[in-house]
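These notes concern the structure reproduced below.
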Amino acid sequence: MYAVLESLSHELVSHVMRGGIVSFDNFGSFRLSVSSAEQDSPELTSVNDVRKKKVLFRLNHSLQKAIDGTKFVKIKDASSETDGSDDTDGEKG
């Protein structure tokens, strides 16, 4: 399995660095994003103005919808327990 993921990683990087979008239908897509220094006109812009390069990932619609619908609850902090070493299944004695 490691070899498959290693190969996939290599191909993904190669394709994205050429400007492509790598899409996994039921998962999401990866694409390259760049930012550059601001210039007064497009004619003054050059490749030397590129400041930041990153790969963006976007979840597919159904996964994003599932995450958007996720509810969170606060749970009791384990460090607030009186004695964390008690292994008597809740019995005190």
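Residues are referred to by chain and number: the chain letter is A, B, ... according to the order shown in the structure tokens, the number counts from 1 in that chain, and ligands are numbered separately from 1 in the order shown.
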
Check: Please, which residues of stretch 4-89 of chain A, numbered as in this document, come out strand (DSSP E or B) from DSSP, as a VMD selection string?
Finding: chain A and resid 22 to 24 28 to 36 50 to 59

Note to self: I'd like the contact shell of stretch 30-35 of chain A - 8 Å cut-off, only C-alpha atoms, skipping same-chain residues fewer than 3 positions apart - returned as a list in words.
What the structure shows: Val16, Met17, Gly19, Gly20, Ile21, Val22, Ser23, Val50, Arg51, Lys52, Lys53, Lys54, Val55, Leu56, Phe57 and Arg58 of chain A

Mind checking which residues fall within 12 Å of A:His61, counting only C-alpha atoms, ignoring those fewer than 3 positions away in the same chain, and posting them as a PDB file with N, CA and C atoms, in the first residue's frame?
```pdb
ATOM      1  N   PHE A  24     -10.335  13.552  -7.456  1.00  0.00           N
ATOM      2  CA  PHE A  24     -10.791  12.231  -7.049  1.00  0.00           C
ATOM      3  C   PHE A  24     -12.290  12.369  -6.832  1.00  0.00           C
ATOM      4  N   ASP A  25     -13.075  11.746  -7.688  1.00  0.00           N
ATOM      5  CA  ASP A  25     -14.521  11.975  -7.760  1.00  0.00           C
ATOM      6  C   ASP A  25     -15.231  11.998  -6.406  1.00  0.00           C
ATOM      7  N   ASN A  26     -15.018  11.021  -5.568  1.00  0.00           N
ATOM      8  CA  ASN A  26     -15.751  10.933  -4.308  1.00  0.00           C
ATOM      9  C   ASN A  26     -14.973  11.495  -3.129  1.00  0.00           C
ATOM     10  N   PHE A  27     -13.910  12.237  -3.410  1.00  0.00           N
ATOM     11  CA  PHE A  27     -13.051  12.724  -2.341  1.00  0.00           C
ATOM     12  C   PHE A  27     -12.844  14.231  -2.423  1.00  0.00           C
ATOM     13  N   GLY A  28     -12.260  14.700  -3.503  1.00  0.00           N
ATOM     14  CA  GLY A  28     -11.998  16.119  -3.672  1.00  0.00           C
ATOM     15  C   GLY A  28     -10.951  16.353  -4.735  1.00  0.00           C
ATOM     16  N   SER A  29     -10.389  17.566  -4.769  1.00  0.00           N
ATOM     17  CA  SER A  29      -9.403  17.886  -5.788  1.00  0.00           C
ATOM     18  C   SER A  29      -8.269  18.723  -5.225  1.00  0.00           C
ATOM     19  N   ARG A  58      -9.694  20.822  -2.057  1.00  0.00           N
ATOM     20  CA  ARG A  58     -11.117  21.139  -1.901  1.00  0.00           C
ATOM     21  C   ARG A  58     -11.905  19.838  -1.839  1.00  0.00           C
ATOM     22  N   GLN A  64     -18.077  17.822   1.989  1.00  0.00           N
ATOM     23  CA  GLN A  64     -18.175  19.153   2.583  1.00  0.00           C
ATOM     24  C   GLN A  64     -19.503  19.326   3.302  1.00  0.00           C
ATOM     25  N   LYS A  65     -20.568  18.808   2.706  1.00  0.00           N
ATOM     26  CA  LYS A  65     -21.899  18.896   3.318  1.00  0.00           C
ATOM     27  C   LYS A  65     -21.929  18.131   4.642  1.00  0.00           C
ATOM     28  N   ALA A  66     -21.294  16.964   4.667  1.00  0.00           N
ATOM     29  CA  ALA A  66     -21.235  16.175   5.900  1.00  0.00           C
ATOM     30  C   ALA A  66     -20.473  16.922   6.991  1.00  0.00           C
ATOM     31  N   ILE A  67     -19.380  17.557   6.621  1.00  0.00           N
ATOM     32  CA  ILE A  67     -18.605  18.322   7.603  1.00  0.00           C
ATOM     33  C   ILE A  67     -19.377  19.541   8.068  1.00  0.00           C
ATOM     34  N   ASP A  68     -20.039  20.226   7.148  1.00  0.00           N
ATOM     35  CA  ASP A  68     -20.828  21.406   7.521  1.00  0.00           C
ATOM     36  C   ASP A  68     -21.931  21.048   8.504  1.00  0.00           C
TER      37      ASP A  68
END
```

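Counting from atom CA of A:Asn60, the distance to atom CA of A:Leu12 is 17.1 Å.
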
Note to self: Residues of chain A classed as helix (DSSP H, G or I) by DSSP on the backbone are to be reported as JSON, numbers by chain.
What the structure shows: {"A": [2, 3, 4, 5, 6, 7, 8, 9, 10, 11, 12, 13, 14, 15, 16, 17, 42, 43, 44, 47, 48, 49, 61, 62, 63, 64, 65, 66, 67, 68, 78, 79, 80]}

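Relative to atom CA of A:Arg18, atom CA of A:Ser46 is found at 17.9 Å.
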
Next item on the list: Report the distance between atom CA of A:Ser14 and atom CA of A:Ala37 in Å, rounded to one decimal place.
Entry: 25.4 Å
